[in-house]
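Below is one structure, written out as C-alpha cells, with a few remarks after it.
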Amino acid sequence: MQYELLAALITFAFASSITPGPNNMMLLASGANFGFKRTIPHMLGISLGHALMVFLVGIGLAQIFSAFPILKQIMQVVAAIYMIWLAWKIANSAPASSEEAKGSPLTFAQAAAFQWVNPKAWGMALTAVTAYAPGDTVFAMVLVAVTFASVNLPSVSVWTVLGQQMQRFLTDTRRLRAFNRTMAALLVGSLVFVIGN
C-alpha cells in the first residue's frame, strides 16, 4: 500500500471511529455503568466485527445488496428493532457496584453483530473499500480491514474511558437514570439515519 494511501486510510479510520455514533454512545453508557474492564469484549466486538464487515463488503457483499435492494430495507427494519432493544437495555442499566444492578455490557458477539445493522458502520466500510483499498484483491481488503481495526480500537476505547470517568458524577441514582435515558434517547434518535437512507 502506498504511504499516501495508507495515511489517508488511517486519517479516515480515526475521524470516522472517534466521532459520535451508535457504537460510541453505547460505549459511553457501558463505561459509565460497567467500567472499562467489563466493556472490553464490547470494544473488541466493535473493532473486529467491523473489520470483518469491511473485508466482506470489499470482496463483494455490497454487490449483493445492490442486486437485491429489498435486503437493504430488511436490514433497516432489523436495525431499528435492534437499536430500540439496545436503547431499552441502556435506559434500564444500573451501576455495576449496585446490588440491584440490572443488565450487563454487550458481549463480543452482540457488539460484532451490531455492526451489520449500524448505518454508520456500513458507511465507514463502503467508503474504506471504495476510496482507500489499493486494489480489488483479497489481500488488499485484508490490509484495509486490519488497518481500520488497528485505528478503530484505540479510538472507540476513548468513549469507554470517558464513560468510566463519569462514574463518580453518576453515583447518584437519579443522575445515572437521567444519563442512561439520555443515552437511550440519543441512540433511538440515530434511527433517523437508518430510516432516512
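Residues are referred to by chain and number: the chain letter is A, B, ... according to the order shown in the C-alpha cells, the number counts from 1 in that chain, and ligands are numbered separately from 1 in the order shown.
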Worksheet item: as a ChimeraX atom specification, which residues of chain A does DSSP assign to alpha helix (DSSP H)?
Response: /A:3-18,22-56,62-67,70-91,108-114,119-131,138-165,173-189,191-195
Discussion item. Could you list, as a PyMOL selection string, every residue within 6 Å of A:Ala145, counting only C-alpha atoms and ignoring same-chain residues fewer than 4 positions away?
Written reply: chain A and resi 51+54-55
Dump N, CA, C and O atoms for the selected residues as a tab-separated table (two decimals), in the first residue's frame?
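Saved as part.tsv:
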chain	number	residue	atom	x	y	z
A	51	ALA	N	-14.13	-4.86	11.25
A	51	ALA	CA	-13.07	-5.28	10.34
A	51	ALA	C	-13.57	-6.41	9.42
A	51	ALA	O	-13.30	-6.41	8.21
A	54	VAL	N	-15.80	-4.81	6.84
A	54	VAL	CA	-15.00	-4.14	5.80
A	54	VAL	C	-14.49	-5.17	4.79
A	54	VAL	O	-14.59	-4.98	3.57
A	55	PHE	N	-13.97	-6.28	5.30
A	55	PHE	CA	-13.43	-7.32	4.43
A	55	PHE	C	-14.52	-7.90	3.53
A	55	PHE	O	-14.36	-8.01	2.31
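Of the listed residues A:Thr11, A:Thr130, A:Asn152, A:Asn180, the one whose atoms come nearest to A:Gly60 is A:Thr130, with distances taken using only C-alpha atoms.
Atom CA of A:Gly163 lies 26.3 Å from atom CA of A:Met53.
Across A:Leu61, A:Ile90, A:Leu9, A:Ile84, the tightest approach to A:Arg177 is made by A:Ile90 when counting only C-alpha atoms.
With only C-alpha atoms as the atoms that count, the minimum distance from A:Met25 to the choices A:Ile74, A:Leu6, A:Ile81, A:Val158 is reached by A:Val158.
Distance check against A:Ser150 using only C-alpha atoms: of A:Gln110, A:Thr19, A:Asn33, A:Ser47, the minimum falls on A:Ser47.
Considering only C-alpha atoms, the residue among A:Val78, A:Leu176, A:Ala67, A:Ile40 positioned nearest to A:Gln115 is A:Val78.
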